[in-house]
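Next comes protein_15.csv, with CSV, N, CA and C atoms and all ligand atoms.
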chain,number,residue,atom,x,y,z
A,1,MET,N,-5.1,-12.8,0.4
A,1,MET,CA,-5.8,-12.5,-0.8
A,1,MET,C,-5.2,-13.3,-2.0
A,2,ALA,N,-6.0,-14.0,-2.7
A,2,ALA,CA,-5.5,-15.0,-3.7
A,2,ALA,C,-4.6,-14.3,-4.8
A,3,ASP,N,-5.0,-13.2,-5.3
A,3,ASP,CA,-4.2,-12.7,-6.4
A,3,ASP,C,-3.5,-11.4,-6.1
A,4,CYS,N,-3.1,-11.3,-4.8
A,4,CYS,CA,-2.3,-10.1,-4.4
A,4,CYS,C,-0.8,-10.4,-4.4
A,5,ILE,N,-0.1,-9.7,-5.2
A,5,ILE,CA,1.4,-9.9,-5.3
A,5,ILE,C,2.1,-9.9,-4.0
A,6,PHE,N,1.7,-8.9,-3.1
A,6,PHE,CA,2.5,-8.8,-1.8
A,6,PHE,C,2.1,-9.9,-0.9
A,7,CYS,N,0.8,-10.4,-1.0
A,7,CYS,CA,0.5,-11.6,-0.2
A,7,CYS,C,1.4,-12.8,-0.7
A,8,LYS,N,1.6,-12.9,-2.0
A,8,LYS,CA,2.4,-14.0,-2.5
A,8,LYS,C,3.8,-13.9,-2.1
A,9,ILE,N,4.3,-12.6,-2.0
A,9,ILE,CA,5.7,-12.4,-1.5
A,9,ILE,C,5.7,-12.8,0.0
A,10,ALA,N,4.7,-12.4,0.8
A,10,ALA,CA,4.7,-12.7,2.2
A,10,ALA,C,4.7,-14.2,2.5
A,11,ASN,N,4.0,-14.9,1.6
A,11,ASN,CA,4.0,-16.4,1.9
A,11,ASN,C,5.0,-17.2,1.1
A,12,GLY,N,5.9,-16.5,0.4
A,12,GLY,CA,7.0,-17.2,-0.2
A,12,GLY,C,6.7,-17.7,-1.6
A,13,GLU,N,5.5,-17.5,-2.1
A,13,GLU,CA,5.2,-17.9,-3.5
A,13,GLU,C,5.9,-17.2,-4.6
A,14,ILE,N,6.2,-15.9,-4.3
A,14,ILE,CA,7.0,-15.1,-5.2
A,14,ILE,C,8.3,-14.7,-4.4
A,15,PRO,N,9.5,-14.9,-5.0
A,15,PRO,CA,10.7,-14.6,-4.3
A,15,PRO,C,10.9,-13.1,-4.2
A,16,SER,N,11.6,-12.7,-3.1
A,16,SER,CA,12.0,-11.3,-2.9
A,16,SER,C,13.3,-11.3,-2.1
A,17,THR,N,13.9,-10.1,-2.2
A,17,THR,CA,15.2,-10.0,-1.4
A,17,THR,C,14.8,-9.4,-0.1
A,18,LYS,N,14.8,-10.3,1.0
A,18,LYS,CA,14.4,-9.9,2.3
A,18,LYS,C,15.4,-9.0,3.0
A,19,VAL,N,14.9,-7.9,3.6
A,19,VAL,CA,15.8,-7.0,4.4
A,19,VAL,C,15.5,-7.2,5.9
A,20,TYR,N,14.2,-7.4,6.2
A,20,TYR,CA,13.9,-7.6,7.6
A,20,TYR,C,12.5,-8.3,7.7
A,21,GLU,N,12.4,-9.1,8.8
A,21,GLU,CA,11.2,-9.9,9.0
A,21,GLU,C,10.9,-10.1,10.4
A,22,ASP,N,9.7,-10.0,10.9
A,22,ASP,CA,9.3,-10.5,12.2
A,22,ASP,C,7.9,-11.2,12.0
A,23,GLU,N,7.3,-11.5,13.1
A,23,GLU,CA,6.0,-12.3,12.9
A,23,GLU,C,4.9,-11.6,12.2
A,24,HIS,N,5.0,-10.3,12.2
A,24,HIS,CA,3.9,-9.5,11.7
A,24,HIS,C,4.2,-8.8,10.3
A,25,VAL,N,5.5,-8.5,10.1
A,25,VAL,CA,5.8,-7.7,8.9
A,25,VAL,C,7.0,-8.3,8.1
A,26,LEU,N,7.1,-7.9,6.8
A,26,LEU,CA,8.2,-8.3,6.0
A,26,LEU,C,8.7,-7.0,5.3
A,27,ALA,N,10.0,-6.9,5.2
A,27,ALA,CA,10.6,-5.8,4.4
A,27,ALA,C,11.5,-6.4,3.3
A,28,PHE,N,11.3,-5.9,2.1
A,28,PHE,CA,12.1,-6.5,1.0
A,28,PHE,C,12.4,-5.4,0.0
A,29,ARG,N,13.4,-5.7,-0.8
A,29,ARG,CA,13.9,-4.6,-1.8
A,29,ARG,C,12.8,-4.4,-2.9
A,30,ASP,N,12.6,-3.2,-3.2
A,30,ASP,CA,11.6,-2.8,-4.3
A,30,ASP,C,12.2,-3.3,-5.6
A,31,ILE,N,11.3,-3.8,-6.5
A,31,ILE,CA,11.8,-4.4,-7.8
A,31,ILE,C,12.1,-3.2,-8.8
A,32,HIS,N,11.5,-2.1,-8.5
A,32,HIS,CA,11.8,-0.9,-9.4
A,32,HIS,C,12.3,0.3,-8.5
A,33,PRO,N,13.6,0.2,-8.0
A,33,PRO,CA,14.0,1.2,-7.0
A,33,PRO,C,14.0,2.6,-7.6
A,34,LEU,N,13.5,3.5,-6.7
A,34,LEU,CA,13.5,4.9,-7.1
A,34,LEU,C,14.6,5.7,-6.3
A,35,ALA,N,15.4,5.0,-5.6
A,35,ALA,CA,16.5,5.6,-4.8
A,35,ALA,C,17.6,4.5,-4.7
A,36,PRO,N,18.8,4.9,-4.4
A,36,PRO,CA,19.9,3.9,-4.2
A,36,PRO,C,19.5,2.8,-3.2
A,37,LYS,N,18.8,3.2,-2.1
A,37,LYS,CA,18.2,2.2,-1.2
A,37,LYS,C,16.7,2.4,-1.2
A,38,HIS,N,16.0,1.3,-1.6
A,38,HIS,CA,14.5,1.4,-1.7
A,38,HIS,C,14.0,0.0,-1.2
A,39,VAL,N,13.3,0.1,-0.1
A,39,VAL,CA,12.8,-1.1,0.5
A,39,VAL,C,11.3,-0.9,0.8
A,40,VAL,N,10.5,-2.0,0.6
A,40,VAL,CA,9.1,-1.9,0.8
A,40,VAL,C,8.8,-2.7,2.1
A,41,ILE,N,8.0,-2.2,3.0
A,41,ILE,CA,7.6,-2.8,4.2
A,41,ILE,C,6.1,-3.1,4.1
A,42,ILE,N,5.7,-4.4,4.4
A,42,ILE,CA,4.3,-4.8,4.3
A,42,ILE,C,3.9,-5.5,5.6
A,43,PRO,N,2.6,-5.4,6.0
A,43,PRO,CA,2.1,-6.3,7.0
A,43,PRO,C,1.9,-7.7,6.3
A,44,LYS,N,2.1,-8.8,7.0
A,44,LYS,CA,1.9,-10.1,6.4
A,44,LYS,C,0.4,-10.3,6.2
A,45,ARG,N,-0.5,-9.7,7.0
A,45,ARG,CA,-1.9,-9.9,6.7
A,45,ARG,C,-2.4,-8.8,5.8
A,46,HIS,N,-3.2,-9.2,4.9
A,46,HIS,CA,-3.7,-8.3,3.8
A,46,HIS,C,-4.7,-7.2,4.3
A,47,VAL,N,-4.3,-5.9,4.2
A,47,VAL,CA,-5.3,-4.8,4.2
A,47,VAL,C,-4.9,-4.0,3.0
A,48,GLN,N,-5.9,-3.2,2.5
A,48,GLN,CA,-5.6,-2.5,1.2
A,48,GLN,C,-4.6,-1.4,1.3
A,49,ASN,N,-4.8,-0.6,2.3
A,49,ASN,CA,-4.0,0.6,2.4
A,49,ASN,C,-4.2,1.2,3.8
A,50,LEU,N,-3.6,2.4,4.0
A,50,LEU,CA,-3.7,3.0,5.4
A,50,LEU,C,-5.2,3.2,5.8
A,51,ASN,N,-6.1,3.4,4.9
A,51,ASN,CA,-7.5,3.5,5.3
A,51,ASN,C,-8.0,2.3,6.1
A,52,GLU,N,-7.4,1.2,5.9
A,52,GLU,CA,-7.8,0.0,6.6
A,52,GLU,C,-6.9,-0.5,7.7
A,53,ILE,N,-6.1,0.4,8.2
A,53,ILE,CA,-5.1,0.0,9.2
A,53,ILE,C,-5.7,-0.4,10.5
A,54,ASP,N,-7.0,0.1,10.8
A,54,ASP,CA,-7.7,-0.4,12.0
A,54,ASP,C,-8.0,-1.9,11.9
A,55,GLN,N,-8.0,-2.5,10.8
A,55,GLN,CA,-8.2,-3.9,10.7
A,55,GLN,C,-7.0,-4.7,11.1
A,56,LEU,N,-5.9,-4.1,11.3
A,56,LEU,CA,-4.7,-4.8,11.9
A,56,LEU,C,-4.7,-4.6,13.4
A,57,THR,N,-4.2,-5.6,14.1
A,57,THR,CA,-4.1,-5.4,15.6
A,57,THR,C,-3.1,-4.3,15.9
A,58,GLU,N,-3.2,-3.9,17.2
A,58,GLU,CA,-2.2,-2.8,17.6
A,58,GLU,C,-0.8,-3.4,17.5
A,59,ALA,N,-0.6,-4.7,17.8
A,59,ALA,CA,0.8,-5.3,17.7
A,59,ALA,C,1.3,-5.2,16.2
A,60,GLU,N,0.4,-5.5,15.3
A,60,GLU,CA,0.8,-5.4,13.9
A,60,GLU,C,1.1,-4.0,13.4
A,61,GLN,N,0.3,-3.0,13.9
A,61,GLN,CA,0.5,-1.6,13.6
A,61,GLN,C,1.8,-1.1,14.1
A,62,LEU,N,2.1,-1.5,15.4
A,62,LEU,CA,3.4,-1.1,16.0
A,62,LEU,C,4.6,-1.8,15.3
A,63,ALA,N,4.4,-3.0,14.9
A,63,ALA,CA,5.4,-3.7,14.2
A,63,ALA,C,5.8,-3.0,12.9
A,64,LEU,N,4.8,-2.4,12.2
A,64,LEU,CA,5.1,-1.7,11.0
A,64,LEU,C,5.9,-0.5,11.2
A,65,LEU,N,5.6,0.3,12.3
A,65,LEU,CA,6.3,1.5,12.6
A,65,LEU,C,7.8,1.1,13.0
A,66,HIS,N,7.9,0.1,13.9
A,66,HIS,CA,9.3,-0.3,14.3
A,66,HIS,C,10.1,-0.8,13.1
A,67,ALA,N,9.4,-1.5,12.2
A,67,ALA,CA,10.1,-2.0,11.0
A,67,ALA,C,10.7,-0.9,10.1
A,68,CYS,N,10.1,0.3,10.1
A,68,CYS,CA,10.6,1.4,9.4
A,68,CYS,C,12.0,1.8,9.9
A,69,LYS,N,12.1,1.9,11.2
A,69,LYS,CA,13.4,2.2,11.9
A,69,LYS,C,14.4,1.1,11.7
A,70,LYS,N,14.0,-0.1,11.9
A,70,LYS,CA,14.9,-1.3,11.8
A,70,LYS,C,15.4,-1.4,10.4
A,71,THR,N,14.5,-1.2,9.4
A,71,THR,CA,14.9,-1.4,8.0
A,71,THR,C,15.9,-0.3,7.6
A,72,ALA,N,15.7,0.9,8.1
A,72,ALA,CA,16.6,2.0,7.8
A,72,ALA,C,18.0,1.7,8.4
A,73,ALA,N,18.0,1.2,9.6
A,73,ALA,CA,19.3,0.8,10.2
A,73,ALA,C,20.0,-0.3,9.4
A,74,LEU,N,19.2,-1.4,9.0
A,74,LEU,CA,19.8,-2.5,8.3
A,74,LEU,C,20.3,-2.1,6.9
A,75,ALA,N,19.6,-1.1,6.3
A,75,ALA,CA,20.0,-0.6,5.0
A,75,ALA,C,21.2,0.4,5.1
A,76,GLY,N,21.5,0.8,6.4
A,76,GLY,CA,22.7,1.6,6.6
A,76,GLY,C,22.4,3.1,6.3
A,77,ILE,N,21.1,3.5,6.4
A,77,ILE,CA,20.8,4.9,6.1
A,77,ILE,C,20.1,5.6,7.2
A,78,GLU,N,20.3,5.1,8.4
A,78,GLU,CA,19.6,5.7,9.6
A,78,GLU,C,20.2,7.1,9.9
A,79,VAL,N,21.5,7.2,9.6
A,79,VAL,CA,22.2,8.5,9.9
A,79,VAL,C,22.1,9.4,8.7
A,80,SER,N,22.4,8.9,7.5
A,80,SER,CA,22.4,9.8,6.4
A,80,SER,C,21.0,10.3,6.0
A,81,GLY,N,20.0,9.5,6.4
A,81,GLY,CA,18.6,10.0,6.2
A,81,GLY,C,17.8,9.2,5.3
A,82,TYR,N,16.5,9.3,5.4
A,82,TYR,CA,15.6,8.4,4.6
A,82,TYR,C,14.2,9.0,4.7
A,83,ARG,N,13.4,8.5,3.7
A,83,ARG,CA,12.0,9.0,3.7
A,83,ARG,C,11.1,7.7,3.7
A,84,ILE,N,10.0,7.9,4.5
A,84,ILE,CA,8.9,6.8,4.5
A,84,ILE,C,7.7,7.4,3.8
A,85,ALA,N,7.2,6.6,2.8
A,85,ALA,CA,6.1,7.1,2.0
A,85,ALA,C,5.1,5.9,1.9
A,86,SER,N,3.8,6.2,1.9
A,86,SER,CA,2.8,5.2,1.6
A,86,SER,C,1.8,5.8,0.7
A,87,ASN,N,1.7,5.3,-0.5
A,87,ASN,CA,0.7,5.7,-1.5
A,87,ASN,C,-0.7,5.1,-1.2
A,88,CYS,N,-1.7,5.9,-1.1
A,88,CYS,CA,-3.0,5.5,-0.7
A,88,CYS,C,-4.0,5.9,-1.6
A,89,GLY,N,-4.5,5.0,-2.5
A,89,GLY,CA,-5.6,5.3,-3.4
A,89,GLY,C,-5.2,5.9,-4.7
A,90,PRO,N,-6.2,6.1,-5.6
A,90,PRO,CA,-5.9,6.5,-7.0
A,90,PRO,C,-5.1,7.7,-7.2
A,91,ASP,N,-5.4,8.8,-6.5
A,91,ASP,CA,-4.7,10.1,-6.7
A,91,ASP,C,-3.2,10.0,-6.3
A,92,ALA,N,-2.9,9.0,-5.5
A,92,ALA,CA,-1.5,8.8,-5.1
A,92,ALA,C,-0.8,7.7,-6.0
A,93,ASP,N,-1.6,7.2,-7.0
A,93,ASP,CA,-1.1,6.1,-7.9
A,93,ASP,C,-0.7,4.9,-7.1
A,94,GLN,N,-1.4,4.5,-6.1
A,94,GLN,CA,-1.2,3.2,-5.4
A,94,GLN,C,-1.3,2.1,-6.4
A,95,SER,N,-0.3,1.4,-6.7
A,95,SER,CA,-0.3,0.4,-7.8
A,95,SER,C,-0.5,-1.0,-7.2
A,96,VAL,N,-0.1,-1.3,-6.0
A,96,VAL,CA,-0.3,-2.6,-5.4
A,96,VAL,C,-1.3,-2.4,-4.2
A,97,GLN,N,-2.4,-3.1,-4.3
A,97,GLN,CA,-3.5,-2.9,-3.3
A,97,GLN,C,-3.3,-3.7,-2.0
A,98,HIS,N,-2.1,-3.6,-1.5
A,98,HIS,CA,-1.8,-4.2,-0.2
A,98,HIS,C,-0.9,-3.2,0.5
A,99,LEU,N,-1.4,-2.8,1.7
A,99,LEU,CA,-0.7,-1.7,2.5
A,99,LEU,C,0.8,-1.9,2.4
A,100,HIS,N,1.5,-0.8,2.1
A,100,HIS,CA,3.0,-0.9,2.1
A,100,HIS,C,3.6,0.5,2.4
A,101,PHE,N,4.8,0.5,3.0
A,101,PHE,CA,5.5,1.7,3.2
A,101,PHE,C,6.8,1.6,2.4
A,102,HIS,N,7.1,2.7,1.7
A,102,HIS,CA,8.4,2.7,1.0
A,102,HIS,C,9.4,3.3,1.9
A,103,VAL,N,10.6,2.8,2.0
A,103,VAL,CA,11.7,3.3,2.7
A,103,VAL,C,12.8,3.7,1.6
A,104,LEU,N,13.0,5.0,1.5
A,104,LEU,CA,13.9,5.5,0.4
A,104,LEU,C,15.1,6.2,1.0
A,105,GLY,N,16.3,6.0,0.5
A,105,GLY,CA,17.5,6.7,1.0
A,105,GLY,C,18.7,6.3,0.2
A,106,GLY,N,19.8,6.6,0.8
A,106,GLY,CA,21.1,6.2,0.1
A,106,GLY,C,21.6,7.3,-0.8
A,107,GLY,N,21.0,8.5,-0.8
A,107,GLY,CA,21.4,9.6,-1.6
A,107,GLY,C,20.4,10.7,-1.4
A,108,LYS,N,20.7,11.9,-1.9
A,108,LYS,CA,19.8,13.0,-1.8
A,108,LYS,C,18.4,12.7,-2.5
A,109,LEU,N,17.3,12.9,-1.8
A,109,LEU,CA,16.0,12.5,-2.4
A,109,LEU,C,15.3,13.7,-3.0
A,110,SER,N,14.7,13.5,-4.2
A,110,SER,CA,14.0,14.5,-4.8
A,110,SER,C,12.6,14.5,-4.2
A,111,VAL,N,11.8,15.6,-4.3
A,111,VAL,CA,10.5,15.7,-3.7
A,111,VAL,C,9.5,14.7,-4.2
A,112,ASN,N,9.6,14.3,-5.5
A,112,ASN,CA,8.5,13.5,-6.0
A,112,ASN,C,8.8,12.0,-6.0
A,113,MET,N,9.8,11.6,-5.2
A,113,MET,CA,10.1,10.1,-5.2
A,113,MET,C,9.1,9.4,-4.4
A,114,ALA,N,8.6,8.3,-5.0
A,114,ALA,CA,7.6,7.4,-4.4
A,114,ALA,C,6.3,8.2,-4.1
A,201,LIG,P1,3.0,1.8,-5.1
A,201,LIG,O1,3.0,2.5,-6.4
A,201,LIG,O2,3.1,2.7,-3.9
A,201,LIG,O3,1.8,0.9,-5.0
A,201,LIG,O4,4.3,0.9,-5.1
A,201,LIG,C1,4.3,-0.5,-5.3
A,201,LIG,C2,5.8,-0.9,-5.4
A,201,LIG,O5,5.9,-2.3,-5.4
A,201,LIG,C3,6.5,-0.4,-6.6
A,201,LIG,O6,7.5,0.5,-6.2
A,201,LIG,C4,7.1,-1.7,-7.2
A,201,LIG,C5,7.0,-2.7,-6.1
A,201,LIG,N1,6.7,-4.0,-6.6
A,201,LIG,C6,5.6,-4.4,-7.4
A,201,LIG,N2,5.7,-5.7,-7.7
A,201,LIG,C7,6.8,-6.2,-7.0
A,201,LIG,C8,7.3,-7.5,-6.9
A,201,LIG,O7,6.9,-8.5,-7.4
A,201,LIG,N3,8.5,-7.6,-6.2
A,201,LIG,C9,9.1,-6.5,-5.6
A,201,LIG,N4,10.2,-6.7,-4.9
A,201,LIG,N5,8.5,-5.3,-5.6
A,201,LIG,C10,7.4,-5.1,-6.4
Is it possible to give me this structure as structure tokens?
Amino acid sequence: MADCIFCKIANGEIPSTKVYEDEHVLAFRDIHPLAPKHVVIIPKRHVQNLNEIDQLTEAEQLALLHACKKTAALAGIEVSGYRIASNCGPDADQSVQHLHFHVLGGGKLSVNMA
């Protein structure tokens, strides 16, 4: 998508601090962290949000799920704990219209984070 920030991050047009990458997904540090460790995981191919996840292949969907676990391990929070969140649509205040999962951890999380 031409003017999608996360597509630009996925193809290297906008720099990011990469945490994890495979052929289907990219995980990078959130620019406005809401927790001591805050990483965003995206599919490299554009879909708007979870409502469109069927447009991704099963391999891409599985890669997203596995990236959650791998990202938590790489961030060093797999034992202390973490939260996965995905804002979908207006009532959830989804601000970037490219499917993404927030990985939050590194300290006690409040209920309204992400
Ligand atoms: P959401 O509200 O769920 O759509 O979250 C979008 C997140 O994306 C938000 O926490 C900030 C982050 N974000 C937006 N633009 C950029 C960017 O250019 N770089 C990085 N690293 N993160 C961004």
Sort by chain and increasing residue number a table of all residues of chain A within 5 Å of ligand LIG 201 (chain A), each with its closest pair of atoms and their distance in Å to one decimal, counting all atoms listed in the file, and write it as JSON lines.
{"residue": "A:Arg29", "atom": "C", "partner": "A:LIG201", "partner_atom": "N4", "distance": 4.0}
{"residue": "A:Asp30", "atom": "C", "partner": "A:LIG201", "partner_atom": "N4", "distance": 4.0}
{"residue": "A:Ile31", "atom": "N", "partner": "A:LIG201", "partner_atom": "N5", "distance": 3.3}
{"residue": "A:His32", "atom": "N", "partner": "A:LIG201", "partner_atom": "C4", "distance": 4.6}
{"residue": "A:Asn87", "atom": "N", "partner": "A:LIG201", "partner_atom": "O2", "distance": 4.5}
{"residue": "A:Asp93", "atom": "C", "partner": "A:LIG201", "partner_atom": "O1", "distance": 4.5}
{"residue": "A:Gln94", "atom": "C", "partner": "A:LIG201", "partner_atom": "O3", "distance": 3.6}
{"residue": "A:Ser95", "atom": "N", "partner": "A:LIG201", "partner_atom": "O3", "distance": 2.7}
{"residue": "A:Val96", "atom": "N", "partner": "A:LIG201", "partner_atom": "O3", "distance": 3.1}
Quiz item: Which one is closest to Thr57 of chain A: A:Asp91, A:Ala2, A:Lys37, A:Pro43? Count only C-alpha atoms.
Solution: A:Pro43
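Taking atom C of Glu60 of chain A as the reference point, atom CA of Gly81 of chain A is found at 23.5 Å.
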Quiz item: Out of A:Met1, A:Val111, A:Asp22, A:Leu50, which residue has the shortest atom-to-atom distance to Ser86 of chain A when counting only C-alpha atoms?
Solution: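 Distance minimum relative to Ser86 of chain A lands on A:Leu50.
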Practice problem: as JSON, numbers by chain, please: all residues of chain A that backbone DSSP puts in helix (DSSP H, G or I). | Solution: {"A": [5, 6, 7, 8, 9, 10, 50, 51, 52, 53, 54, 55, 58, 59, 60, 61, 62, 63, 64, 65, 66, 67, 68, 69, 70, 71, 72, 73, 74, 90, 91, 92]}
Output file for the residues above (N, CA and C atoms, as a compact mmCIF listing (two decimals), in the coordinates of the input):
# COMPACT_ATOMS: atom_id res chain seq x y z
N ILE A 5 -0.10 -9.70 -5.20
CA ILE A 5 1.40 -9.90 -5.30
C ILE A 5 2.10 -9.90 -4.00
N PHE A 6 1.70 -8.90 -3.10
CA PHE A 6 2.50 -8.80 -1.80
C PHE A 6 2.10 -9.90 -0.90
N CYS A 7 0.80 -10.40 -1.00
CA CYS A 7 0.50 -11.60 -0.20
C CYS A 7 1.40 -12.80 -0.70
N LYS A 8 1.60 -12.90 -2.00
CA LYS A 8 2.40 -14.00 -2.50
C LYS A 8 3.80 -13.90 -2.10
N ILE A 9 4.30 -12.60 -2.00
CA ILE A 9 5.70 -12.40 -1.50
C ILE A 9 5.70 -12.80 0.00
N ALA A 10 4.70 -12.40 0.80
CA ALA A 10 4.70 -12.70 2.20
C ALA A 10 4.70 -14.20 2.50
N LEU A 50 -3.60 2.40 4.00
CA LEU A 50 -3.70 3.00 5.40
C LEU A 50 -5.20 3.20 5.80
N ASN A 51 -6.10 3.40 4.90
CA ASN A 51 -7.50 3.50 5.30
C ASN A 51 -8.00 2.30 6.10
N GLU A 52 -7.40 1.20 5.90
CA GLU A 52 -7.80 0.00 6.60
C GLU A 52 -6.90 -0.50 7.70
N ILE A 53 -6.10 0.40 8.20
CA ILE A 53 -5.10 0.00 9.20
C ILE A 53 -5.70 -0.40 10.50
N ASP A 54 -7.00 0.10 10.80
CA ASP A 54 -7.70 -0.40 12.00
C ASP A 54 -8.00 -1.90 11.90
N GLN A 55 -8.00 -2.50 10.80
CA GLN A 55 -8.20 -3.90 10.70
C GLN A 55 -7.00 -4.70 11.10
N GLU A 58 -3.20 -3.90 17.20
CA GLU A 58 -2.20 -2.80 17.60
C GLU A 58 -0.80 -3.40 17.50
N ALA A 59 -0.60 -4.70 17.80
CA ALA A 59 0.80 -5.30 17.70
C ALA A 59 1.30 -5.20 16.20
N GLU A 60 0.40 -5.50 15.30
CA GLU A 60 0.80 -5.40 13.90
C GLU A 60 1.10 -4.00 13.40
N GLN A 61 0.30 -3.00 13.90
CA GLN A 61 0.50 -1.60 13.60
C GLN A 61 1.80 -1.10 14.10
N LEU A 62 2.10 -1.50 15.40
CA LEU A 62 3.40 -1.10 16.00
C LEU A 62 4.60 -1.80 15.30
N ALA A 63 4.40 -3.00 14.90
CA ALA A 63 5.40 -3.70 14.20
C ALA A 63 5.80 -3.00 12.90
N LEU A 64 4.80 -2.40 12.20
CA LEU A 64 5.10 -1.70 11.00
C LEU A 64 5.90 -0.50 11.20
N LEU A 65 5.60 0.30 12.30
CA LEU A 65 6.30 1.50 12.60
C LEU A 65 7.80 1.10 13.00
N HIS A 66 7.90 0.10 13.90
CA HIS A 66 9.30 -0.30 14.30
C HIS A 66 10.10 -0.80 13.10
N ALA A 67 9.40 -1.50 12.20
CA ALA A 67 10.10 -2.00 11.00
C ALA A 67 10.70 -0.90 10.10
N CYS A 68 10.10 0.30 10.10
CA CYS A 68 10.60 1.40 9.40
C CYS A 68 12.00 1.80 9.90
N LYS A 69 12.10 1.90 11.20
CA LYS A 69 13.40 2.20 11.90
C LYS A 69 14.40 1.10 11.70
N LYS A 70 14.00 -0.10 11.90
CA LYS A 70 14.90 -1.30 11.80
C LYS A 70 15.40 -1.40 10.40
N THR A 71 14.50 -1.20 9.40
CA THR A 71 14.90 -1.40 8.00
C THR A 71 15.90 -0.30 7.60
N ALA A 72 15.70 0.90 8.10
CA ALA A 72 16.60 2.00 7.80
C ALA A 72 18.00 1.70 8.40
N ALA A 73 18.00 1.20 9.60
CA ALA A 73 19.30 0.80 10.20
C ALA A 73 20.00 -0.30 9.40
N LEU A 74 19.20 -1.40 9.00
CA LEU A 74 19.80 -2.50 8.30
C LEU A 74 20.30 -2.10 6.90
N PRO A 90 -6.20 6.10 -5.60
CA PRO A 90 -5.90 6.50 -7.00
C PRO A 90 -5.10 7.70 -7.20
N ASP A 91 -5.40 8.80 -6.50
CA ASP A 91 -4.70 10.10 -6.70
C ASP A 91 -3.20 10.00 -6.30
N ALA A 92 -2.90 9.00 -5.50
CA ALA A 92 -1.50 8.80 -5.10
C ALA A 92 -0.80 7.70 -6.00
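Proximity of A:Leu99, A:Lys44, A:Leu64, A:Met113 to Asn11 of chain A, computed with all atoms listed in the file, is greatest for A:Lys44.
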Exercise. Return the single residue from A:Ser80, A:Ser110, A:Thr71, A:Gln97 that is closest to Glu21 of chain A, with distances computed using only C-alpha atoms.
Key: A:Thr71
Quiz item: Could you state the separation of atom N of Lys18 of chain A and atom CA of His46 of chain A in Å, given to one decimal place?
Solution: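 Spanning atom N of Lys18 of chain A to atom CA of His46 of chain A is a straight-line distance of 18.8 Å.
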